[in-house]
>>> print(open('start_5.tsv').read())   # TSV, C-alpha atoms
chain	number	residue	atom	x	y	z
A	1	MET	CA	63.15	-79.06	34.25
A	2	PHE	CA	64.14	-77.62	30.87
A	3	ALA	CA	60.98	-78.98	29.23
A	4	PHE	CA	58.94	-77.57	32.11
A	5	ILE	CA	60.44	-74.11	31.63
A	6	ILE	CA	59.79	-74.22	27.86
A	7	ARG	CA	56.15	-75.16	28.44
A	8	ARG	CA	55.72	-72.40	30.99
A	9	LEU	CA	57.30	-69.84	28.66
A	10	GLY	CA	54.84	-70.84	25.93
A	11	THR	CA	51.98	-70.49	28.37
A	12	MET	CA	53.32	-67.08	29.40
A	13	VAL	CA	53.30	-65.84	25.81
A	14	ILE	CA	49.72	-67.00	25.22
A	15	THR	CA	48.57	-65.52	28.53
A	16	MET	CA	50.25	-62.19	27.77
A	17	LEU	CA	48.57	-62.04	24.36
A	18	CYS	CA	45.14	-62.74	25.84
A	19	LEU	CA	45.51	-60.29	28.74
A	20	THR	CA	46.99	-57.49	26.63
A	21	MET	CA	44.17	-57.90	24.11
A	22	VAL	CA	41.61	-57.51	26.90
A	23	VAL	CA	43.40	-54.45	28.30
A	24	PHE	CA	43.76	-52.98	24.80
A	25	TYR	CA	40.03	-53.37	24.26
A	26	MET	CA	39.14	-51.81	27.62
A	27	VAL	CA	41.33	-48.72	27.27
A	28	ASN	CA	40.06	-48.14	23.72
A	29	LEU	CA	36.38	-48.04	24.62
A	30	GLU	CA	34.47	-45.11	23.16
A	31	PRO	CA	34.24	-43.05	26.40
A	32	ASN	CA	38.01	-43.27	26.86
A	33	LEU	CA	38.68	-42.27	23.26
A	34	ARG	CA	36.32	-39.33	23.58
A	35	LYS	CA	38.00	-38.14	26.78
A	36	LEU	CA	41.41	-38.45	25.13
A	37	SER	CA	40.35	-36.45	22.09
A	38	ILE	CA	38.80	-33.71	24.25
A	39	SER	CA	41.99	-33.48	26.34
A	40	GLN	CA	44.02	-33.02	23.16
A	41	LEU	CA	41.59	-30.54	21.58
A	42	ASP	CA	39.29	-28.37	23.67
A	43	MET	CA	36.39	-28.86	26.08
A	44	ARG	CA	34.15	-26.96	23.66
A	45	SER	CA	35.10	-29.08	20.63
A	46	SER	CA	32.20	-30.25	18.52
A	47	ASP	CA	31.45	-33.90	17.82
A	48	GLU	CA	32.66	-33.35	14.26
A	49	HIS	CA	36.08	-32.10	15.40
A	50	ILE	CA	36.38	-34.94	17.88
A	51	GLU	CA	35.60	-37.49	15.20
A	52	GLN	CA	38.10	-35.90	12.81
A	53	TRP	CA	40.83	-36.09	15.45
A	54	LEU	CA	40.10	-39.75	16.15
A	55	VAL	CA	40.17	-40.60	12.43
A	56	LYS	CA	43.36	-38.60	11.83
A	57	ASN	CA	45.17	-40.39	14.66
A	58	GLY	CA	44.07	-43.88	13.59
A	59	PHE	CA	41.63	-44.61	16.41
A	60	ARG	CA	38.84	-45.51	13.97
A	61	GLU	CA	40.71	-48.35	12.32
A	62	ASN	CA	39.72	-51.96	12.81
A	63	PHE	CA	40.35	-53.21	16.35
A	64	PHE	CA	42.55	-56.15	15.31
A	65	VAL	CA	44.50	-53.93	12.92
A	66	ARG	CA	45.25	-51.49	15.73
A	67	TYR	CA	46.16	-54.31	18.10
A	68	GLY	CA	48.50	-55.73	15.45
A	69	GLN	CA	50.06	-52.29	15.00
A	70	TRP	CA	50.60	-52.01	18.75
A	71	LEU	CA	52.26	-55.43	18.76
A	72	GLY	CA	54.35	-54.51	15.73
A	73	VAL	CA	53.11	-57.17	13.29
A	74	VAL	CA	51.01	-54.78	11.17
A	75	LYS	CA	52.37	-51.70	9.41
A	76	ARG	CA	51.35	-48.27	10.61
A	77	VAL	CA	50.17	-46.16	7.68
A	78	PRO	CA	49.92	-42.41	8.46
A	79	GLU	CA	46.82	-40.57	7.33
A	80	VAL	CA	47.19	-38.24	4.33
A	81	ASP	CA	46.01	-34.63	4.44
A	82	THR	CA	43.53	-34.23	1.59
A	83	ALA	CA	44.38	-30.55	1.18
A	84	THR	CA	48.18	-30.78	0.99
A	85	GLY	CA	48.65	-34.44	0.12
A	86	ARG	CA	51.22	-34.80	2.89
A	87	PRO	CA	51.13	-37.51	5.56
A	88	VAL	CA	49.74	-36.45	8.93
A	89	LEU	CA	51.98	-37.43	11.81
A	90	ARG	CA	50.05	-39.01	14.68
A	91	TYR	CA	52.17	-37.44	17.43
A	92	LYS	CA	54.72	-34.79	16.45
A	93	ALA	CA	56.41	-34.90	19.86
A	94	CYS	CA	57.62	-38.47	19.29
A	95	GLN	CA	58.91	-37.84	15.74
A	96	GLN	CA	57.18	-40.84	14.22
A	97	PRO	CA	58.05	-41.67	10.57
A	98	ALA	CA	55.91	-40.18	7.81
A	99	GLU	CA	56.04	-43.34	5.69
A	100	PRO	CA	54.48	-46.74	6.46
A	101	TYR	CA	56.53	-48.60	9.07
A	102	TYR	CA	56.47	-51.40	11.63
A	103	GLY	CA	56.47	-49.83	15.05
A	104	GLY	CA	55.21	-51.73	18.08
A	105	ILE	CA	56.16	-53.82	21.08
A	106	LEU	CA	58.24	-56.27	19.03
A	107	GLN	CA	60.32	-53.36	17.70
A	108	GLY	CA	60.73	-51.83	21.16
A	109	ASP	CA	58.34	-48.97	20.33
A	110	PHE	CA	55.77	-48.62	23.13
A	111	GLY	CA	54.09	-45.63	21.52
A	112	CYS	CA	53.80	-41.99	22.48
A	113	SER	CA	52.57	-40.46	25.73
A	114	THR	CA	49.89	-37.84	25.14
A	115	LYS	CA	50.24	-36.60	28.75
A	116	PHE	CA	54.01	-36.15	28.92
A	117	LYS	CA	54.59	-35.40	25.19
A	118	THR	CA	57.38	-37.95	24.84
A	119	THR	CA	57.83	-41.61	24.01
A	120	VAL	CA	56.42	-44.15	26.44
A	121	ALA	CA	59.85	-45.74	26.82
A	122	ALA	CA	61.40	-42.42	27.86
A	123	LYS	CA	58.84	-42.13	30.67
A	124	LEU	CA	58.30	-45.78	31.60
A	125	TRP	CA	61.88	-47.06	32.05
A	126	PRO	CA	63.04	-44.28	34.43
A	127	ALA	CA	59.87	-44.81	36.46
A	128	LEU	CA	60.54	-48.54	36.62
A	129	GLY	CA	64.11	-47.85	37.71
A	130	ALA	CA	62.92	-45.59	40.52
A	131	THR	CA	60.39	-48.18	41.68
A	132	GLY	CA	63.06	-50.89	41.39
A	133	VAL	CA	65.23	-49.03	43.89
A	134	LEU	CA	62.26	-48.68	46.23
A	135	MET	CA	61.38	-52.38	45.83
A	136	PHE	CA	64.97	-53.40	46.57
A	137	TRP	CA	65.08	-51.59	49.90
A	138	VAL	CA	61.60	-52.81	50.84
A	139	MET	CA	62.63	-56.43	50.20
A	140	VAL	CA	65.94	-55.99	52.03
A	141	THR	CA	64.03	-54.68	55.02
A	142	MET	CA	60.96	-56.88	54.84
A	143	VAL	CA	62.26	-60.39	54.08
A	144	PRO	CA	64.89	-60.87	56.84
A	145	ILE	CA	62.69	-59.35	59.55
A	146	SER	CA	59.60	-61.34	58.57
A	147	LEU	CA	61.52	-64.62	58.32
A	148	MET	CA	63.11	-64.02	61.71
A	149	ILE	CA	59.75	-63.25	63.31
A	150	GLY	CA	58.09	-66.29	61.72
A	151	ILE	CA	60.88	-68.67	62.72
A	152	LEU	CA	61.01	-67.40	66.31
A	153	ALA	CA	57.24	-67.67	66.64
A	154	GLY	CA	57.05	-71.13	65.06
A	155	MET	CA	59.90	-72.74	66.97
A	156	ARG	CA	57.87	-72.91	70.18
A	157	GLU	CA	54.18	-72.97	69.33
A	158	GLY	CA	51.92	-71.51	72.00
A	159	SER	CA	54.69	-69.76	73.95
A	160	ARG	CA	54.50	-66.14	75.06
A	161	THR	CA	56.90	-65.18	72.27
A	162	ASP	CA	54.69	-66.93	69.71
A	163	ARG	CA	51.55	-65.17	70.90
A	164	THR	CA	53.19	-61.74	71.03
A	165	LEU	CA	54.76	-61.97	67.58
A	166	SER	CA	51.57	-63.41	66.07
A	167	VAL	CA	49.50	-60.50	67.40
A	168	LEU	CA	52.00	-57.99	66.00
A	169	SER	CA	51.98	-59.75	62.62
A	170	ILE	CA	48.19	-59.71	62.41
A	171	ALA	CA	48.12	-56.03	63.42
A	172	THR	CA	50.58	-54.98	60.70
A	173	THR	CA	48.79	-57.01	58.02
A	174	ALA	CA	45.43	-55.53	59.01
A	175	THR	CA	46.74	-51.98	58.65
A	176	PRO	CA	46.64	-50.80	55.01
A	177	GLU	CA	49.42	-48.68	53.52
A	178	TYR	CA	47.42	-45.46	53.40
A	179	VAL	CA	46.82	-45.71	57.15
A	180	SER	CA	50.33	-46.69	58.23
A	181	GLY	CA	51.80	-44.07	55.87
A	182	VAL	CA	49.82	-41.31	57.56
A	183	ILE	CA	50.70	-42.64	61.03
A	184	PHE	CA	54.42	-42.82	60.27
A	185	THR	CA	54.38	-39.34	58.72
A	186	VAL	CA	52.67	-37.84	61.77
A	187	ILE	CA	54.98	-39.58	64.25
A	188	PHE	CA	58.39	-39.39	62.59
A	189	ALA	CA	58.05	-36.28	60.42
A	190	SER	CA	55.61	-34.03	62.29
A	191	TRP	CA	56.03	-34.87	65.97
A	192	LEU	CA	59.63	-36.04	66.21
A	193	GLY	CA	60.95	-34.16	63.17
A	194	TRP	CA	63.39	-36.96	62.32
A	195	LEU	CA	62.34	-37.61	58.71
A	196	ASN	CA	61.48	-34.29	57.13
A	197	GLY	CA	62.91	-35.14	53.70
A	198	SER	CA	60.48	-35.53	50.84
A	199	ALA	CA	60.32	-38.91	49.14
A	200	ALA	CA	59.75	-37.17	45.81
A	201	SER	CA	63.23	-35.69	46.03
A	202	ALA	CA	64.71	-39.19	45.99
A	203	THR	CA	64.16	-39.40	42.25
A	204	SER	CA	66.29	-36.32	41.62
A	205	GLN	CA	68.64	-36.11	44.62
A	206	GLY	CA	69.36	-39.79	45.08
A	207	VAL	CA	68.40	-42.18	47.84
A	208	ASN	CA	69.24	-41.31	51.42
A	209	PHE	CA	67.93	-42.12	54.88
A	210	TYR	CA	65.74	-39.04	55.19
A	211	ASN	CA	63.85	-39.12	51.88
A	212	PHE	CA	63.42	-42.87	51.60
A	213	THR	CA	62.68	-44.21	55.07
A	214	LEU	CA	58.96	-43.39	55.27
A	215	PRO	CA	57.89	-45.06	51.98
A	216	VAL	CA	60.08	-48.09	52.72
A	217	MET	CA	58.65	-48.42	56.24
A	218	THR	CA	55.10	-48.03	54.98
A	219	MET	CA	55.39	-50.86	52.46
A	220	ALA	CA	57.64	-53.15	54.51
A	221	VAL	CA	55.48	-53.13	57.63
A	222	TYR	CA	52.43	-54.30	55.68
A	223	GLY	CA	54.33	-57.18	54.04
A	224	ILE	CA	56.23	-58.26	57.15
A	225	GLY	CA	53.12	-59.49	58.92
A	226	TYR	CA	51.91	-61.59	55.99
A	227	ILE	CA	55.26	-63.32	55.33
A	228	ALA	CA	55.85	-63.81	59.07
A	229	ARG	CA	52.51	-65.54	59.53
A	230	MET	CA	53.18	-67.88	56.59
A	231	THR	CA	56.66	-68.65	57.92
A	232	ARG	CA	55.31	-69.28	61.40
A	233	ALA	CA	52.64	-71.69	60.09
A	234	SER	CA	55.21	-73.56	58.01
A	235	MET	CA	57.66	-73.73	60.91
A	236	VAL	CA	54.99	-75.09	63.26
A	237	GLU	CA	54.12	-77.83	60.78
A	238	VAL	CA	57.77	-78.81	60.28
A	239	MET	CA	58.47	-78.96	64.01
A	240	THR	CA	55.80	-81.65	64.41
A	241	GLN	CA	57.33	-83.96	61.77
A	242	GLN	CA	58.76	-87.33	62.72
A	243	TYR	CA	62.30	-86.61	61.51
A	244	ILE	CA	62.50	-83.60	63.86
A	245	ARG	CA	61.49	-85.79	66.80
A	246	THR	CA	64.05	-88.38	65.75
A	247	ALA	CA	66.78	-85.75	65.60
A	248	ARG	CA	65.88	-84.55	69.09
A	249	LEU	CA	65.87	-88.13	70.42
A	250	LYS	CA	69.37	-88.67	69.00
A	251	GLY	CA	70.59	-85.93	71.31
A	252	LEU	CA	71.04	-83.11	68.80
A	253	SER	CA	70.76	-79.64	70.27
A	254	PHE	CA	67.66	-77.59	69.60
A	255	ARG	CA	69.73	-75.05	67.62
A	256	THR	CA	71.22	-77.77	65.40
A	257	VAL	CA	67.80	-79.26	64.72
A	258	ILE	CA	66.43	-75.87	63.70
A	259	ILE	CA	69.33	-74.82	61.46
A	260	LYS	CA	70.20	-78.13	59.79
A	261	HIS	CA	66.86	-79.92	59.60
A	262	ALA	CA	63.89	-77.60	60.01
A	263	LEU	CA	64.78	-74.40	58.18
A	264	ARG	CA	65.01	-75.68	54.61
A	265	ASN	CA	61.64	-77.41	54.72
A	266	ALA	CA	60.08	-74.53	56.62
A	267	LEU	CA	61.18	-72.01	53.99
A	268	ILE	CA	59.44	-73.74	51.05
A	269	ALA	CA	56.06	-72.04	51.56
A	270	PRO	CA	57.49	-68.61	52.50
A	271	PHE	CA	59.66	-68.65	49.35
A	272	THR	CA	56.54	-68.78	47.18
A	273	VAL	CA	54.94	-66.00	49.20
A	274	ILE	CA	58.09	-63.85	48.95
A	275	MET	CA	58.17	-64.22	45.16
A	276	LEU	CA	54.54	-63.18	44.97
A	277	GLN	CA	55.44	-59.95	46.76
A	278	PHE	CA	57.11	-58.60	43.62
A	279	PRO	CA	53.84	-58.16	41.66
A	280	TRP	CA	52.28	-56.63	44.78
A	281	LEU	CA	55.19	-54.24	45.17
A	282	LEU	CA	55.01	-53.20	41.52
A	283	THR	CA	51.29	-52.41	41.54
A	284	GLY	CA	50.81	-51.86	45.28
A	285	VAL	CA	53.20	-48.90	45.24
A	286	VAL	CA	50.43	-46.85	43.64
A	287	ILE	CA	49.14	-45.69	47.03
A	288	VAL	CA	52.57	-45.17	48.58
A	289	GLU	CA	54.08	-43.37	45.59
A	290	THR	CA	51.05	-41.13	45.26
A	291	MET	CA	51.04	-40.38	48.99
A	292	PHE	CA	54.75	-39.49	49.14
A	293	ARG	CA	54.90	-38.04	45.59
A	294	TYR	CA	57.55	-40.56	44.63
A	295	GLN	CA	57.67	-40.55	40.83
A	296	GLY	CA	57.98	-44.24	40.12
A	297	PHE	CA	55.91	-46.86	38.31
A	298	GLY	CA	52.83	-46.48	40.51
A	299	PHE	CA	52.82	-42.71	40.18
A	300	THR	CA	53.18	-43.03	36.39
A	301	LEU	CA	50.33	-45.55	36.25
A	302	VAL	CA	48.02	-43.16	38.11
A	303	GLU	CA	48.95	-40.29	35.80
A	304	ALA	CA	48.35	-42.45	32.72
A	305	ALA	CA	44.95	-43.64	33.95
A	306	GLY	CA	43.85	-40.19	35.10
A	307	ASN	CA	44.70	-38.56	31.77
A	308	ASN	CA	43.58	-41.36	29.41
A	309	ASP	CA	47.14	-41.73	28.18
A	310	ILE	CA	46.41	-44.90	26.20
A	311	ASP	CA	49.90	-45.87	25.03
A	312	LEU	CA	51.47	-45.24	28.44
A	313	LEU	CA	48.67	-47.15	30.18
A	314	LEU	CA	49.17	-50.08	27.81
A	315	GLY	CA	52.91	-50.03	28.49
A	316	CYS	CA	52.32	-50.11	32.24
A	317	SER	CA	49.84	-52.96	31.85
A	318	LEU	CA	52.28	-54.97	29.73
A	319	VAL	CA	55.03	-54.57	32.34
A	320	SER	CA	52.65	-55.59	35.15
A	321	VAL	CA	51.51	-58.72	33.30
A	322	PHE	CA	55.11	-59.70	32.52
A	323	VAL	CA	56.25	-59.25	36.13
A	324	VAL	CA	53.36	-61.34	37.48
A	325	LEU	CA	53.95	-64.22	35.06
A	326	PHE	CA	57.75	-64.13	35.37
A	327	THR	CA	57.73	-64.15	39.18
A	328	GLN	CA	55.29	-67.07	39.13
A	329	LEU	CA	57.72	-68.96	36.89
A	330	ILE	CA	60.65	-68.23	39.23
A	331	SER	CA	58.46	-69.24	42.18
A	332	ASP	CA	57.64	-72.61	40.61
A	333	ILE	CA	61.29	-73.28	39.73
A	334	GLY	CA	62.44	-72.36	43.24
A	335	TYR	CA	59.69	-74.45	44.81
A	336	ALA	CA	60.80	-77.48	42.76
A	337	TYR	CA	64.41	-76.88	43.81
A	338	LEU	CA	63.57	-76.68	47.51
A	339	ASN	CA	61.12	-79.60	47.41
A	340	PRO	CA	62.72	-82.76	45.94
A	341	ARG	CA	59.34	-84.51	45.69
A	342	ILE	CA	58.03	-81.87	43.30
A	343	ARG	CA	61.25	-81.96	41.27
A	344	VAL	CA	61.03	-85.73	40.80
A	345	GLN	CA	57.41	-85.49	39.67
>>> encode(input="start_5.tsv", output="structure tokens")
Amino acid sequence: MFAFIIRRLGTMVITMLCLTMVVFYMVNLEPNLRKLSISQLDMRSSDEHIEQWLVKNGFRENFFVRYGQWLGVVKRVPEVDTATGRPVLRYKACQQPAEPYYGGILQGDFGCSTKFKTTVAAKLWPALGATGVLMFWVMVTMVPISLMIGILAGMREGSRTDRTLSVLSIATTATPEYVSGVIFTVIFASWLGWLNGSAASATSQGVNFYNFTLPVMTMAVYGIGYIARMTRASMVEVMTQQYIRTARLKGLSFRTVIIKHALRNALIAPFTVIMLQFPWLLTGVVIVETMFRYQGFGFTLVEAAGNNDIDLLLGCSLVSVFVVLFTQLISDIGYAYLNPRIRVQ
């Protein structure tokens, strides 16, 4: 297992390098650089002024040099003002050093946000924390309910309970977040007046029932159906196995057979699906956070993309890639733990 984890970590590093290089190339295409320079200068800026700004801020350096600077393996050398002979700071708001220095991901420096006029870390980590709280409550709500629905539906395949729960699961999965969010808002906030609190206030006033229920419901309902269907399919397959029939023939009660023999094997497939919900929650919150004005990771990602905030967009991309690869690693380890045959292999 230890050798497996080491190999996977090495693969993760290589994958992150390849993906971040692709993202770095895409966000630094000429149209994006031009939009960024115009947003920092003026809509009526001439091509000469735009080019001067790009050169002054290091955007005309070699691609691999800039990528190495972003990683922190190549020194950043500030441009020198030909008139005064003094170094030109790239972004004054972030107080970057005037002398050559190593400043990149390896040094914990994610760059400077041109939209929010602060360091990327100062904007990214609070946003991740806010989304982490949202993800926690979504998982606490979504996982137990979906597992319960899937187990109840799969215990007796073809029963009325199975058909009813399966239809509900398919209906929730087929309803996207932007639809269910509007429906929940109309029902619970407009008609009934139960949940009038704004989700955006949760970031400043703390989490409570009124300002957090609608975004949690919107995300949880969509995920419940998918996990429940996977759990139901796994439970149906387990209930047809020979060892379950043997346990029933020995006189064990149906409840004992389910709890002691069926559940562990039935939860192998849902465990993988549950772990894969974390990347979806991190990037799928874009719609929900934008809809409810919840200033978390998704909201920050939209702001970065909409304003060509290159360093902030790269920071968000790096976090997304890391979460996807890390959750896949945890999923594989957990799958091997639950399935002895995989662990032996």
>>> closest_residue(input="start_5.tsv", among="A:Glu177, A:Glu289, A:Asp311, A:Asp332", to="Ile105 (chain A)", atoms="all atoms listed in the file")
A:Asp311
>>> closest_atom_pairs(input="start_5.tsv", of="region 104-172 of chain A", to="region 312-331 of chain A", cutoff="7 Å", atoms="only C-alpha atoms", output="tab-separated table")
residue	atom	partner	partner_atom	distance
A:Phe110	CA	A:Gly315	CA	6.2
A:Ser113	CA	A:Leu312	CA	5.6
A:Val120	CA	A:Leu312	CA	5.4
>>> atom_distance(input="start_5.tsv", atom1="CA of Val273 (chain A)", atom2="CA of Ile227 (chain A)")
6.7 Å
>>> residues_around(input="start_5.tsv", residues="region 253-264 of chain A", least_positions_apart="4", cutoff="7 Å", atoms="only C-alpha atoms", output="PyMOL selection string")
chain A and resi 238-239+244+247+268
>>> closest_residue(input="start_5.tsv", among="A:Met230, A:Met217, A:Ala336, A:Ile6", to="Ala153 (chain A)", atoms="all atoms listed in the file")
A:Met230
>>> residues_near_point(input="start_5.tsv", point="(55.1, -75.6, 68.8)", cutoff="12 Å", atoms="only C-alpha atoms", output="list of chain:residue names")
A:Ile151, A:Leu152, A:Ala153, A:Gly154, A:Met155, A:Arg156, A:Glu157, A:Gly158, A:Ser159, A:Arg160, A:Thr161, A:Asp162, A:Arg163, A:Arg232, A:Ala233, A:Ser234, A:Met235, A:Val236, A:Glu237, A:Val238, A:Met239, A:Thr240, A:Gln241, A:Ile244
>>> residues_around(input="start_5.tsv", residues="Ala228 (chain A)", least_positions_apart="6", cutoff="12 Å", atoms="all atoms listed in the file", output="short mmCIF file (atom, residue, chain, number, x, y, z; two decimals) with C-alpha atoms, keeping the file's coordinate frame")
data_model
loop_
_atom_site.label_atom_id
_atom_site.label_comp_id
_atom_site.auth_asym_id
_atom_site.auth_seq_id
_atom_site.Cartn_x
_atom_site.Cartn_y
_atom_site.Cartn_z
CA MET A 142 60.96 -56.88 54.84
CA VAL A 143 62.26 -60.39 54.08
CA PRO A 144 64.89 -60.87 56.84
CA ILE A 145 62.69 -59.35 59.55
CA SER A 146 59.60 -61.34 58.57
CA LEU A 147 61.52 -64.62 58.32
CA MET A 148 63.11 -64.02 61.71
CA ILE A 149 59.75 -63.25 63.31
CA GLY A 150 58.09 -66.29 61.72
CA ILE A 151 60.88 -68.67 62.72
CA LEU A 152 61.01 -67.40 66.31
CA ALA A 153 57.24 -67.67 66.64
CA GLY A 154 57.05 -71.13 65.06
CA ASP A 162 54.69 -66.93 69.71
CA LEU A 165 54.76 -61.97 67.58
CA SER A 166 51.57 -63.41 66.07
CA VAL A 167 49.50 -60.50 67.40
CA LEU A 168 52.00 -57.99 66.00
CA SER A 169 51.98 -59.75 62.62
CA ILE A 170 48.19 -59.71 62.41
CA ALA A 171 48.12 -56.03 63.42
CA THR A 172 50.58 -54.98 60.70
CA THR A 173 48.79 -57.01 58.02
CA ALA A 220 57.64 -53.15 54.51
CA VAL A 221 55.48 -53.13 57.63
CA TYR A 222 52.43 -54.30 55.68
CA SER A 234 55.21 -73.56 58.01
CA MET A 235 57.66 -73.73 60.91
CA ALA A 266 60.08 -74.53 56.62
CA LEU A 267 61.18 -72.01 53.99
CA ALA A 269 56.06 -72.04 51.56
CA PRO A 270 57.49 -68.61 52.50
CA PHE A 271 59.66 -68.65 49.35
CA VAL A 273 54.94 -66.00 49.20
CA ILE A 274 58.09 -63.85 48.95
#
>>> atom_distance(input="start_5.tsv", atom1="CA of Thr114 (chain A)", atom2="CA of Thr300 (chain A)")
12.8 Å
